[in-house]
>>> print(open('my_file20.cif').read())   # mmCIF, C-alpha atoms
data_structure
loop_
_atom_site.label_atom_id
_atom_site.label_comp_id
_atom_site.auth_asym_id
_atom_site.auth_seq_id
_atom_site.Cartn_x
_atom_site.Cartn_y
_atom_site.Cartn_z
CA MET A 163 9.62 -18.05 5.64
CA SER A 164 7.08 -19.90 7.72
CA ARG A 165 3.56 -18.69 8.19
CA ARG A 166 4.03 -17.68 11.79
CA ALA A 167 7.19 -15.71 11.02
CA ARG A 168 5.35 -13.95 8.24
CA LEU A 169 2.55 -12.93 10.59
CA VAL A 170 5.00 -11.56 13.15
CA VAL A 171 6.77 -9.49 10.49
CA PHE A 172 3.40 -8.26 9.29
CA ALA A 173 2.35 -7.23 12.79
CA VAL A 174 5.50 -5.18 13.28
CA GLY A 175 5.24 -3.66 9.82
CA ALA A 176 1.54 -2.87 10.21
CA ALA A 177 2.15 -1.11 13.51
CA GLY A 178 4.84 1.04 11.90
CA ALA A 179 2.66 1.74 8.86
CA ALA A 180 -0.31 2.66 11.04
CA ALA A 181 1.81 5.13 13.02
CA LEU A 182 3.16 6.71 9.84
CA LEU A 183 -0.32 6.91 8.30
CA ALA A 184 -1.79 8.55 11.41
CA TRP A 185 1.02 11.10 11.49
CA GLY A 186 0.59 11.84 7.77
CA LEU A 187 -3.19 12.08 7.94
CA LEU A 188 -2.98 14.59 10.78
CA GLY A 189 -1.30 17.04 8.42
CA LEU A 190 -4.19 17.07 5.96
CA PRO A 191 -6.76 19.91 6.07
CA ASP A 192 -9.96 19.14 7.94
CA PHE A 193 -12.47 16.91 6.20
CA GLY A 194 -14.75 19.02 4.02
CA HIS A 195 -12.60 22.16 4.02
CA TYR A 196 -10.89 21.79 0.69
CA ARG A 197 -8.23 24.47 0.41
CA GLY A 198 -6.49 24.13 -2.95
CA PRO A 199 -7.14 26.82 -5.57
CA TYR A 200 -6.73 24.61 -8.62
CA GLY A 201 -10.11 22.87 -8.36
CA ASP A 202 -12.03 26.08 -7.79
CA VAL A 203 -10.39 27.80 -10.75
CA LEU A 204 -11.22 24.84 -12.99
CA ASN A 205 -14.84 24.79 -11.86
CA GLU A 206 -15.32 28.45 -12.71
CA GLN A 207 -13.42 28.53 -15.99
CA ALA A 208 -14.11 25.20 -17.66
CA LEU A 209 -17.64 26.02 -18.79
CA GLY A 210 -16.54 29.24 -20.48
CA GLN A 211 -13.29 27.99 -21.94
CA ARG A 212 -14.42 24.63 -23.26
CA HIS A 213 -18.26 24.80 -23.36
CA ALA A 214 -18.33 21.47 -21.50
CA GLN A 215 -20.81 20.98 -18.68
CA ASN A 216 -19.12 17.95 -17.15
CA VAL A 217 -15.95 19.44 -15.71
CA VAL A 218 -14.56 16.05 -14.65
CA ASN A 219 -14.74 14.79 -18.22
CA ALA A 220 -13.09 17.98 -19.49
CA VAL A 221 -10.30 17.55 -16.94
CA VAL A 222 -9.71 13.89 -17.84
CA LEU A 223 -9.65 14.40 -21.61
CA ASP A 224 -8.52 17.98 -22.08
CA TYR A 225 -6.81 19.71 -19.19
CA ARG A 226 -4.98 16.56 -18.09
CA GLY A 227 -5.36 14.60 -21.31
CA PHE A 228 -1.75 13.53 -21.46
CA ASP A 229 -2.13 11.43 -18.29
CA THR A 230 -5.15 9.73 -19.83
CA VAL A 231 -3.15 8.73 -22.91
CA GLY A 232 -0.76 6.92 -20.60
CA GLU A 233 -3.56 5.21 -18.69
CA GLU A 234 -5.18 4.10 -21.90
CA PHE A 235 -1.97 2.39 -22.93
CA ILE A 236 -1.81 0.61 -19.58
CA LEU A 237 -5.24 -0.80 -20.40
CA PHE A 238 -4.09 -1.76 -23.88
CA GLY A 239 -1.02 -3.53 -22.51
CA ALA A 240 -3.01 -5.40 -19.86
CA VAL A 241 -5.44 -6.72 -22.49
CA ILE A 242 -2.51 -7.88 -24.62
CA GLY A 243 -1.08 -9.58 -21.53
CA VAL A 244 -4.30 -11.47 -20.83
CA THR A 245 -4.58 -12.60 -24.44
CA LEU A 246 -0.99 -13.83 -24.42
CA LEU A 247 -1.24 -15.65 -21.10
CA LEU A 248 -4.46 -17.46 -21.95
CA ARG A 249 -3.51 -18.55 -25.45
CA ARG A 250 -4.18 -22.13 -26.38
CA GLN A 251 -1.38 -24.44 -25.26
CA ARG A 252 -0.17 -27.43 -27.17
CA GLU A 253 -1.97 -29.90 -24.91
CA GLU A 254 -5.33 -28.22 -24.98
CA HIS A 255 -7.98 -28.69 -27.61
CA GLU A 256 -11.39 -27.29 -28.24
CA ARG A 257 -14.32 -29.44 -27.22
CA ALA A 258 -16.32 -31.24 -29.88
CA THR A 259 -19.75 -29.90 -30.75
CA GLY A 260 -21.40 -33.01 -29.34
CA ASP A 261 -19.87 -32.38 -25.90
CA ARG A 262 -20.99 -28.77 -25.92
CA ALA A 263 -24.53 -29.63 -26.94
CA ARG A 264 -24.83 -32.15 -24.11
CA ASP A 265 -23.68 -29.52 -21.64
CA MET A 266 -26.21 -26.99 -22.85
CA ALA A 267 -29.02 -29.52 -22.45
CA PHE A 268 -28.07 -29.92 -18.79
CA ALA A 269 -27.83 -26.21 -18.08
CA ARG A 270 -29.71 -25.64 -14.88
CA THR A 271 -30.43 -21.94 -15.17
CA SER A 272 -34.07 -21.06 -14.90
CA ASP A 273 -36.03 -19.80 -17.85
CA ALA A 274 -36.63 -16.46 -16.16
CA VAL A 275 -32.89 -15.78 -15.93
CA ARG A 276 -32.33 -16.69 -19.55
CA VAL A 277 -35.18 -14.62 -21.00
CA PHE A 278 -34.43 -11.61 -18.81
CA SER A 279 -30.71 -11.67 -19.65
CA LEU A 280 -31.39 -11.88 -23.36
CA ALA A 281 -33.81 -8.97 -23.13
CA LEU A 282 -31.20 -6.86 -21.30
CA VAL A 283 -28.44 -7.15 -23.92
CA VAL A 284 -29.62 -4.45 -26.32
CA PRO A 285 -30.72 -1.89 -23.67
CA THR A 286 -27.29 -2.25 -22.03
CA ILE A 287 -25.51 -1.46 -25.28
CA VAL A 288 -27.81 1.50 -25.97
CA LEU A 289 -27.31 2.86 -22.44
CA GLY A 290 -23.55 2.51 -22.79
CA LEU A 291 -23.52 4.35 -26.12
CA TYR A 292 -25.64 7.13 -24.62
CA VAL A 293 -23.25 7.52 -21.69
CA VAL A 294 -20.26 7.67 -24.05
CA VAL A 295 -21.70 10.24 -26.44
CA HIS A 296 -23.14 12.53 -23.72
CA GLY A 297 -19.96 12.42 -21.68
CA HIS A 298 -19.38 16.14 -21.74
CA LEU A 299 -22.97 17.01 -20.76
CA SER A 300 -23.85 14.69 -17.85
CA PRO A 301 -21.93 12.25 -15.64
CA GLY A 302 -20.27 9.71 -17.84
CA GLY A 303 -17.74 9.65 -20.62
CA GLY A 304 -15.64 7.24 -22.58
CA PHE A 305 -14.41 5.08 -19.70
CA GLN A 306 -17.74 4.53 -17.98
CA GLY A 307 -19.74 4.08 -21.17
CA GLY A 308 -17.13 1.72 -22.57
CA LEU A 309 -17.37 -0.42 -19.43
CA ILE A 310 -21.18 -0.59 -19.74
CA VAL A 311 -21.04 -1.65 -23.41
CA GLY A 312 -18.29 -4.14 -22.63
CA ALA A 313 -20.44 -5.81 -19.98
CA ALA A 314 -23.05 -6.90 -22.56
CA PRO A 315 -21.35 -10.31 -23.26
CA VAL A 316 -21.99 -11.19 -19.61
CA PHE A 317 -25.72 -11.07 -20.34
CA VAL A 318 -25.25 -13.14 -23.48
CA TYR A 319 -23.43 -15.75 -21.41
CA LEU A 320 -26.14 -15.72 -18.72
CA ALA A 321 -28.74 -16.29 -21.41
CA GLY A 322 -26.96 -19.46 -22.45
CA ARG A 323 -26.23 -18.14 -25.92
CA TYR A 324 -22.46 -17.75 -25.63
CA VAL A 325 -21.42 -20.70 -27.79
CA VAL A 326 -23.79 -19.71 -30.57
CA PHE A 327 -22.55 -16.12 -30.34
CA ARG A 328 -18.97 -17.28 -30.54
CA SER A 329 -19.53 -18.92 -33.91
CA VAL A 330 -20.08 -15.44 -35.35
CA ASP A 331 -16.40 -14.86 -34.48
CA PRO A 332 -16.12 -11.10 -33.99
CA GLU A 333 -12.52 -11.33 -32.81
CA GLY A 334 -11.08 -9.59 -35.86
CA ALA A 335 -13.42 -6.62 -35.49
CA LEU A 336 -12.67 -6.41 -31.76
CA ASP A 337 -8.92 -6.33 -32.28
CA LEU A 338 -9.34 -3.66 -34.93
CA GLY A 339 -11.65 -1.66 -32.69
CA GLU A 340 -9.25 -1.70 -29.79
CA GLY A 341 -6.32 -0.58 -31.87
CA MET A 342 -8.33 2.13 -33.58
CA GLY A 343 -9.59 3.44 -30.25
CA ALA A 344 -6.11 3.83 -28.84
CA ALA A 345 -4.76 5.27 -32.08
CA GLY A 346 -7.69 7.67 -32.40
CA PHE A 347 -6.84 9.37 -29.15
CA VAL A 348 -3.23 9.88 -30.21
CA ALA A 349 -4.35 11.04 -33.66
CA VAL A 350 -6.56 13.76 -32.16
CA GLY A 351 -3.61 14.85 -30.06
CA LEU A 352 -1.38 14.99 -33.11
CA VAL A 353 -3.95 17.15 -34.93
CA GLY A 354 -3.63 19.61 -32.08
CA LEU A 355 0.15 19.38 -32.30
CA VAL A 356 0.18 20.13 -36.02
CA ALA A 357 -2.34 22.96 -35.74
CA THR A 358 -0.98 24.93 -32.83
CA GLY A 359 2.23 23.28 -31.65
CA ALA A 360 0.76 21.82 -28.43
CA PHE A 361 -0.17 18.11 -28.18
CA LEU A 362 -3.89 17.55 -27.45
CA GLU A 363 -4.77 21.23 -27.82
CA ASN A 364 -8.52 21.67 -28.25
CA VAL A 365 -8.67 23.12 -31.77
CA TRP A 366 -12.07 21.96 -33.02
CA PRO A 367 -15.08 24.32 -32.99
CA LEU A 368 -16.48 24.74 -29.51
CA GLY A 369 -20.15 24.99 -30.38
CA GLN A 370 -23.08 25.85 -28.13
CA VAL A 371 -23.17 24.83 -24.47
CA GLY A 372 -25.51 21.88 -23.94
CA SER A 373 -25.62 20.44 -27.42
CA VAL A 374 -23.99 17.13 -28.28
CA PHE A 375 -21.68 18.65 -30.89
CA SER A 376 -19.93 21.04 -28.55
CA ALA A 377 -16.72 21.21 -26.52
CA GLY A 378 -14.37 20.72 -29.45
CA THR A 379 -12.30 17.54 -29.37
CA ILE A 380 -13.83 16.20 -26.14
CA PRO A 381 -16.75 14.20 -27.66
CA VAL A 382 -14.41 12.76 -30.30
CA ILE A 383 -11.97 11.55 -27.66
CA ASN A 384 -14.90 10.21 -25.61
CA VAL A 385 -16.01 8.03 -28.52
CA SER A 386 -12.46 6.86 -29.18
CA VAL A 387 -11.82 5.93 -25.55
CA GLY A 388 -15.25 4.27 -25.34
CA ILE A 389 -14.48 2.03 -28.31
CA GLU A 390 -11.14 1.05 -26.84
CA VAL A 391 -12.40 0.25 -23.34
CA ALA A 392 -15.42 -1.70 -24.65
CA ALA A 393 -13.34 -3.73 -27.09
CA GLY A 394 -10.70 -4.42 -24.44
CA LEU A 395 -13.21 -5.60 -21.86
CA VAL A 396 -15.03 -7.82 -24.38
CA LEU A 397 -11.72 -9.39 -25.43
CA VAL A 398 -10.82 -10.14 -21.80
CA LEU A 399 -14.25 -11.64 -21.14
CA PHE A 400 -14.01 -13.77 -24.27
CA GLU A 401 -10.63 -15.12 -23.19
CA PHE A 402 -11.95 -16.15 -19.78
CA LEU A 403 -15.17 -17.61 -21.19
CA GLU A 404 -13.22 -19.58 -23.76
CA GLN A 405 -11.03 -21.02 -21.02
CA THR A 406 -14.03 -22.12 -19.01
CA LEU A 407 -16.41 -23.31 -21.67
CA LEU A 408 -14.44 -24.45 -24.66
CA LEU A 409 -10.92 -25.56 -23.83
CA ARG A 410 -10.19 -28.96 -22.37
CA GLY A 411 -7.10 -30.93 -21.57
CA GLY A 412 -3.61 -29.69 -20.76
CA MET B 158 -9.26 13.72 10.60
CA ALA B 159 -11.64 10.94 11.61
CA PRO B 160 -12.97 10.16 8.10
CA TYR B 161 -9.43 9.82 6.78
CA LEU B 162 -8.95 6.90 9.15
CA LEU B 163 -11.31 4.89 6.95
CA ALA B 164 -8.66 4.86 4.22
CA ALA B 165 -5.98 3.73 6.69
CA TRP B 166 -8.32 1.01 8.00
CA LEU B 167 -9.05 -0.29 4.50
CA PHE B 168 -5.34 -0.34 3.69
CA LEU B 169 -4.34 -2.30 6.79
CA VAL B 170 -7.28 -4.72 6.64
CA GLY B 171 -6.58 -5.47 2.97
CA LEU B 172 -2.89 -5.97 3.67
CA TYR B 173 -3.74 -8.41 6.47
CA GLY B 174 -5.88 -10.31 3.97
CA VAL B 175 -3.02 -10.46 1.46
CA VAL B 176 -0.58 -11.77 4.06
CA THR B 177 -2.87 -14.46 5.47
CA SER B 178 -4.56 -15.75 2.32
CA ARG B 179 -4.28 -19.41 1.35
CA ASN B 180 -5.57 -19.01 -2.16
CA PHE B 181 -4.38 -16.81 -5.00
CA VAL B 182 -7.90 -15.76 -5.94
CA GLN B 183 -8.52 -14.61 -2.36
CA LEU B 184 -5.26 -12.67 -2.52
CA VAL B 185 -6.42 -10.82 -5.62
CA MET B 186 -9.64 -9.71 -3.93
CA CYS B 187 -7.83 -8.48 -0.82
CA LEU B 188 -5.46 -6.58 -3.12
CA SER B 189 -8.52 -4.86 -4.57
CA VAL B 190 -9.54 -3.77 -1.09
CA VAL B 191 -6.10 -2.18 -0.65
CA GLN B 192 -6.52 -0.38 -3.97
CA SER B 193 -9.90 0.99 -2.97
CA SER B 194 -8.36 2.58 0.13
CA THR B 195 -6.43 4.96 -2.14
CA TYR B 196 -9.59 5.88 -4.03
CA VAL B 197 -11.42 6.72 -0.83
CA LEU B 198 -8.58 8.84 0.55
CA ILE B 199 -8.13 10.86 -2.64
CA LEU B 200 -11.86 11.56 -2.95
CA GLN B 201 -12.11 12.56 0.70
CA VAL B 202 -9.34 15.13 0.29
CA GLY B 203 -11.24 16.86 -2.50
CA TYR B 204 -14.58 16.99 -0.68
CA LYS B 205 -16.25 20.25 0.37
CA LEU B 206 -19.07 20.30 2.91
CA HIS B 207 -22.53 21.16 1.50
CA ALA B 208 -21.16 21.25 -2.03
CA THR B 209 -22.49 19.59 -5.15
CA ALA B 210 -20.98 17.54 -7.97
CA PRO B 211 -18.88 19.47 -10.55
CA ILE B 212 -21.46 19.13 -13.32
CA PHE B 213 -22.78 22.57 -14.28
CA LYS B 214 -26.14 21.87 -15.84
CA GLY B 215 -28.75 24.30 -14.61
CA ILE B 216 -26.54 25.80 -11.92
CA PRO B 217 -24.28 28.85 -12.34
CA PRO B 218 -20.54 28.24 -12.84
CA ASP B 219 -19.65 29.78 -9.48
CA ALA B 220 -21.82 27.40 -7.44
CA ARG B 221 -20.10 25.54 -4.62
CA ALA B 222 -18.74 22.30 -6.11
CA VAL B 223 -16.20 19.67 -5.12
CA ASP B 224 -12.82 19.31 -6.73
CA PRO B 225 -12.94 17.74 -10.23
CA VAL B 226 -9.23 16.94 -10.50
CA VAL B 227 -9.23 14.23 -7.83
CA GLN B 228 -12.25 12.61 -9.43
CA SER B 229 -10.47 12.40 -12.76
CA LEU B 230 -7.54 10.64 -11.11
CA VAL B 231 -9.76 8.01 -9.46
CA LEU B 232 -11.94 7.50 -12.54
CA THR B 233 -9.29 6.12 -14.87
CA ASP B 234 -7.77 4.25 -11.94
CA VAL B 235 -10.92 2.19 -11.30
CA VAL B 236 -11.20 1.08 -14.91
CA VAL B 237 -7.53 0.20 -15.27
CA GLY B 238 -7.72 -1.69 -11.95
CA VAL B 239 -10.29 -4.11 -13.34
CA VAL B 240 -8.24 -5.01 -16.39
CA VAL B 241 -5.00 -5.39 -14.43
CA THR B 242 -6.86 -7.68 -12.02
CA ALA B 243 -7.87 -9.79 -15.02
CA LEU B 244 -4.17 -10.02 -15.88
CA ILE B 245 -3.30 -11.25 -12.38
CA LEU B 246 -6.16 -13.78 -12.49
CA SER B 247 -4.90 -15.22 -15.76
CA LEU B 248 -1.45 -15.56 -14.16
CA ALA B 249 -3.07 -17.49 -11.30
CA LEU B 250 -4.86 -19.73 -13.79
CA GLN B 251 -1.59 -20.55 -15.56
CA ILE B 252 0.08 -21.30 -12.24
CA HIS B 253 -2.69 -23.76 -11.45
CA LYS B 254 -2.24 -25.40 -14.82
CA ARG B 255 1.46 -25.91 -14.30
CA THR B 256 1.72 -26.80 -10.63
CA GLY B 257 -1.79 -27.91 -9.68
CA THR B 258 -1.99 -25.72 -6.59
CA LEU B 259 -3.26 -22.25 -5.77
CA ASN B 260 -1.71 -21.93 -2.34
CA PRO B 261 1.02 -19.28 -2.19
CA ASP B 262 2.75 -21.20 0.60
CA ASP B 263 3.48 -24.14 -1.68
CA LEU B 264 5.17 -22.10 -4.36
CA HIS B 265 8.35 -20.91 -2.75
CA VAL B 266 10.84 -22.79 -4.89
CA MET B 267 11.97 -21.03 -8.05
CA GLU B 268 12.88 -23.52 -10.71
CA GLY B 269 14.96 -23.11 -13.82
CA MET C 220 -20.53 15.64 9.04
CA THR C 221 -24.00 14.42 8.31
CA ALA C 222 -25.42 11.09 9.39
CA VAL C 223 -25.45 9.73 5.84
CA GLU C 224 -21.71 10.16 5.51
CA ILE C 225 -20.96 8.55 8.85
CA VAL C 226 -23.21 5.55 8.21
CA THR C 227 -21.81 4.98 4.72
CA MET C 228 -18.22 5.09 5.91
CA LEU C 229 -18.91 2.67 8.77
CA LEU C 230 -20.65 0.34 6.34
CA VAL C 231 -17.70 0.35 3.95
CA GLY C 232 -15.27 -0.36 6.78
CA GLY C 233 -17.39 -3.21 8.11
CA ILE C 234 -17.88 -4.91 4.77
CA ALA C 235 -14.14 -4.65 4.02
CA LEU C 236 -13.47 -6.59 7.22
CA ALA C 237 -16.05 -9.17 6.13
CA VAL C 238 -14.34 -9.56 2.74
CA VAL C 239 -11.01 -10.29 4.36
CA LEU C 240 -12.35 -12.70 6.96
CA THR C 241 -14.39 -14.91 4.61
CA LYS C 242 -12.52 -18.10 3.90
CA ASP C 243 -14.33 -19.77 1.02
CA PRO C 244 -13.41 -18.05 -2.28
CA LEU C 245 -16.89 -18.34 -3.78
CA LYS C 246 -18.55 -16.69 -0.77
CA GLN C 247 -15.83 -14.07 -0.76
CA VAL C 248 -16.75 -13.10 -4.32
CA LEU C 249 -20.33 -12.43 -3.27
CA VAL C 250 -19.24 -10.36 -0.27
CA PHE C 251 -16.83 -8.50 -2.51
CA SER C 252 -19.57 -7.47 -4.92
CA LEU C 253 -21.47 -6.16 -1.88
CA PHE C 254 -18.33 -4.19 -1.01
CA GLY C 255 -18.32 -2.74 -4.53
CA SER C 256 -21.90 -1.54 -4.12
CA ALA C 257 -21.15 0.04 -0.73
CA LEU C 258 -18.14 1.76 -2.26
CA ALA C 259 -20.34 3.13 -5.07
CA VAL C 260 -22.77 4.56 -2.49
CA LEU C 261 -19.83 6.17 -0.65
CA PHE C 262 -18.64 7.75 -3.89
CA LEU C 263 -22.13 9.13 -4.50
CA VAL C 264 -22.24 10.61 -0.99
CA LEU C 265 -18.87 12.26 -1.67
CA GLN C 266 -20.47 13.96 -4.72
CA ALA C 267 -18.59 12.00 -7.41
CA PRO C 268 -21.20 10.55 -9.83
CA ASP C 269 -18.69 9.65 -12.55
CA VAL C 270 -16.61 7.54 -10.20
CA ALA C 271 -19.75 5.91 -8.75
CA LEU C 272 -20.80 4.91 -12.27
CA SER C 273 -17.46 3.19 -12.85
CA ALA C 274 -17.64 1.48 -9.47
CA ILE C 275 -21.09 0.05 -10.17
CA VAL C 276 -20.05 -1.47 -13.50
CA VAL C 277 -16.80 -2.74 -11.99
CA GLY C 278 -18.90 -4.51 -9.36
CA LEU C 279 -20.54 -6.43 -12.20
CA ALA C 280 -17.56 -7.28 -14.44
CA TYR C 281 -15.07 -8.08 -11.68
CA PRO C 282 -16.96 -10.86 -9.86
CA VAL C 283 -17.78 -12.45 -13.20
CA LEU C 284 -14.08 -12.72 -14.06
CA VAL C 285 -13.24 -14.17 -10.66
CA MET C 286 -16.08 -16.69 -10.80
CA LEU C 287 -15.04 -17.83 -14.26
CA THR C 288 -11.50 -18.40 -12.99
CA LEU C 289 -12.82 -20.36 -10.01
CA SER C 290 -15.06 -22.51 -12.17
CA LYS C 291 -12.19 -23.33 -14.53
CA ILE C 292 -10.04 -24.35 -11.58
CA ARG C 293 -12.80 -26.48 -10.15
CA GLN C 294 -13.23 -28.18 -13.52
CA ARG C 295 -9.57 -29.14 -13.60
CA GLU C 296 -9.61 -30.41 -10.06
CA ARG C 297 -12.62 -32.56 -10.68
CA ARG C 298 -10.84 -34.63 -13.34
#
>>> encode(input="my_file20.cif", output="structure tokens")
Amino acid sequence: MSRRARLVVFAVGAAGAAALLAWGLLGLPDFGHYRGPYGDVLNEQALGQRHAQNVVNAVVLDYRGFDTVGEEFILFGAVIGVTLLLRRQREEHERATGDRARDMAFARTSDAVRVFSLALVVPTIVLGLYVVVHGHLSPGGGFQGGLIVGAAPVFVYLAGRYVVFRSVDPEGALDLGEGMGAAGFVAVGLVGLVATGAFLENVWPLGQVGSVFSAGTIPVINVSVGIEVAAGLVLVLFEFLEQTLLLRGG
Amino acid sequence: MAPYLLAAWLFLVGLYGVVTSRNFVQLVMCLSVVQSSTYVLILQVGYKLHATAPIFKGIPPDARAVDPVVQSLVLTDVVVGVVVTALILSLALQIHKRTGTLNPDDLHVMEG
Amino acid sequence: MTAVEIVTMLLVGGIALAVVLTKDPLKQVLVFSLFGSALAVLFLVLQAPDVALSAIVVGLAYPVLVMLTLSKIRQRERR
């Protein structure tokens, strides 16, 4: 359909959607006057029942943990999809080392960017690990901490060290890490199933409120999810960087 | 009622961007704007005036806090959204490799 | 509703319009990362620090992916 026809259809559809949205939004409770009892009950009970200070993390991994297993597998599938789509085609080939070296000599990034980026790699990883492990005590958790750790290759690339880093070839470890992260979550759930007959039941010792080794299975699942998200993000970044920097032809 | 209109505005503006984009990469970014409208709406529903975050460190468990369930829904959503966007971008890259164009208007013929 | 909430929501709405109306993809990526930061501030104002943390990191990883795609496409078109 032509562009103009598409715009006309959109205008009609948008008017209808706007009317429906306005009618639906009118039925919501007033902004700031949250009514539902479920959230209030969770806020009061979660600290006593699970010894976890971060109620959001407890909800994601314990009270509604089954939804999170599904979301984690969406992530897993999307990473597999990216790796499949960007695999090396028959016509493409990797650039010769001479080509790559010439490109690096002409890199126009300033020295300040390169030194600063290199200096930021290790603190980023340490910060990400802290956020993952302390997920049940302060804002954070497996997903956020995994994202922070997974963003470290961006700094390596900004520092101009990507090609050198790539020769270390950590792909095998990354694939293993991603699989183990996803499987670890399910394994913890199965332990709960075997012990009490309910999948993902929190059966490990609850410990003292405020210490790192508390809240039962929640820190273990945090670490597992963190490994999976970090490995997945690094794999995706590697695929894109390989497309841009190394592959030619096709 | 008025703050909820922000979510409706984001949805419609993003949809307009998707319909009128001439470039697949632009389309992906406008799609992200549409996704963020759902995050904003869900978080606004769970908000309580003069309440604090549901992290109970140093405050008693019956302090006034916002709803934690809606935050858990949005949290995993944001992370999964990034990786699914990477999937769509790699699709766009493959389309460019095969047909040489990124304009959605030029790709209306299904072959094979 | 306090002034902080109103200003943040107006800011998010305005920057979303700017994202949609920018025509050049490279400039749109920069405006989009600004949109991600504004969204993170809105999430903080709505008392959701976990979500704001994810939004900040997404604002870093997402534009990088898009820019890498754009640079690969520009490489192919230059040949």
>>> resolve_selection(input="my_file20.cif", expression="the PyMOL selection byres ((chain C and resi 253-258) around 6)", output="ChimeraX atom specification")
/C:231,234,250-252,259-261,278
>>> atom_distance(input="my_file20.cif", atom1="atom CA of A:Arg212", atom2="atom CA of A:Ala377")
5.3 Å
>>> closest_atom_pairs(input="my_file20.cif", of="chain C", to="chain A", cutoff="6 Å", atoms="all atoms listed in the file", output="JSON lines")
{"residue": "C:Asp269", "atom": "CA", "partner": "A:Pro301", "partner_atom": "CA", "distance": 5.2}
{"residue": "C:Ser273", "atom": "CA", "partner": "A:Gln306", "partner_atom": "CA", "distance": 5.3}
{"residue": "C:Lys291", "atom": "CA", "partner": "A:Thr406", "partner_atom": "CA", "distance": 5.0}
>>> atom_distance(input="my_file20.cif", atom1="atom CA of A:Leu182", atom2="atom CA of B:Ala164")
13.2 Å
>>> interface_residues(input="my_file20.cif", of="chain A", to="chain B", cutoff="6 Å", atoms="all atoms listed in the file", output="list in words")
Gly194, His195, Tyr196, Gly201, Glu206, Gln215, Asn216, Val217, Val218, Val222, Leu237, Ala240 and Val244 of chain A
>>> build_atoms(input="my_file20.cif", residues="stretch 209-222 of chain A", atoms="N, CA and C atoms", output="PDB file, in the frame of the given file")
ATOM      1  N   LEU A 209     -16.441  25.864 -17.974  1.00  0.00           N
ATOM      2  CA  LEU A 209     -17.640  26.020 -18.790  1.00  0.00           C
ATOM      3  C   LEU A 209     -17.416  27.083 -19.855  1.00  0.00           C
ATOM      4  N   GLY A 210     -16.751  28.188 -19.505  1.00  0.00           N
ATOM      5  CA  GLY A 210     -16.540  29.240 -20.480  1.00  0.00           C
ATOM      6  C   GLY A 210     -15.462  28.902 -21.492  1.00  0.00           C
ATOM      7  N   GLN A 211     -14.408  28.236 -21.029  1.00  0.00           N
ATOM      8  CA  GLN A 211     -13.290  27.990 -21.940  1.00  0.00           C
ATOM      9  C   GLN A 211     -13.570  26.840 -22.883  1.00  0.00           C
ATOM     10  N   ARG A 212     -14.279  25.811 -22.427  1.00  0.00           N
ATOM     11  CA  ARG A 212     -14.420  24.630 -23.260  1.00  0.00           C
ATOM     12  C   ARG A 212     -15.857  24.302 -23.613  1.00  0.00           C
ATOM     13  N   HIS A 213     -16.843  25.059 -23.105  1.00  0.00           N
ATOM     14  CA  HIS A 213     -18.260  24.800 -23.360  1.00  0.00           C
ATOM     15  C   HIS A 213     -18.639  23.376 -22.987  1.00  0.00           C
ATOM     16  N   ALA A 214     -18.017  22.829 -21.949  1.00  0.00           N
ATOM     17  CA  ALA A 214     -18.330  21.470 -21.500  1.00  0.00           C
ATOM     18  C   ALA A 214     -18.977  21.558 -20.132  1.00  0.00           C
ATOM     19  N   GLN A 215     -20.121  20.885 -19.955  1.00  0.00           N
ATOM     20  CA  GLN A 215     -20.810  20.980 -18.680  1.00  0.00           C
ATOM     21  C   GLN A 215     -20.232  20.042 -17.646  1.00  0.00           C
ATOM     22  N   ASN A 216     -19.695  18.920 -18.092  1.00  0.00           N
ATOM     23  CA  ASN A 216     -19.120  17.950 -17.150  1.00  0.00           C
ATOM     24  C   ASN A 216     -17.643  18.275 -16.985  1.00  0.00           C
ATOM     25  N   VAL A 217     -17.320  18.954 -15.878  1.00  0.00           N
ATOM     26  CA  VAL A 217     -15.950  19.440 -15.710  1.00  0.00           C
ATOM     27  C   VAL A 217     -14.986  18.267 -15.512  1.00  0.00           C
ATOM     28  N   VAL A 218     -15.454  17.205 -14.876  1.00  0.00           N
ATOM     29  CA  VAL A 218     -14.560  16.050 -14.650  1.00  0.00           C
ATOM     30  C   VAL A 218     -14.133  15.458 -15.977  1.00  0.00           C
ATOM     31  N   ASN A 219     -15.080  15.313 -16.911  1.00  0.00           N
ATOM     32  CA  ASN A 219     -14.740  14.790 -18.220  1.00  0.00           C
ATOM     33  C   ASN A 219     -13.777  15.701 -18.957  1.00  0.00           C
ATOM     34  N   ALA A 220     -13.995  17.031 -18.842  1.00  0.00           N
ATOM     35  CA  ALA A 220     -13.090  17.980 -19.490  1.00  0.00           C
ATOM     36  C   ALA A 220     -11.694  17.872 -18.887  1.00  0.00           C
ATOM     37  N   VAL A 221     -11.613  17.672 -17.571  1.00  0.00           N
ATOM     38  CA  VAL A 221     -10.300  17.550 -16.940  1.00  0.00           C
ATOM     39  C   VAL A 221      -9.592  16.288 -17.423  1.00  0.00           C
ATOM     40  N   VAL A 222     -10.339  15.167 -17.478  1.00  0.00           N
ATOM     41  CA  VAL A 222      -9.710  13.890 -17.840  1.00  0.00           C
ATOM     42  C   VAL A 222      -9.203  13.926 -19.264  1.00  0.00           C
TER      43      VAL A 222
END
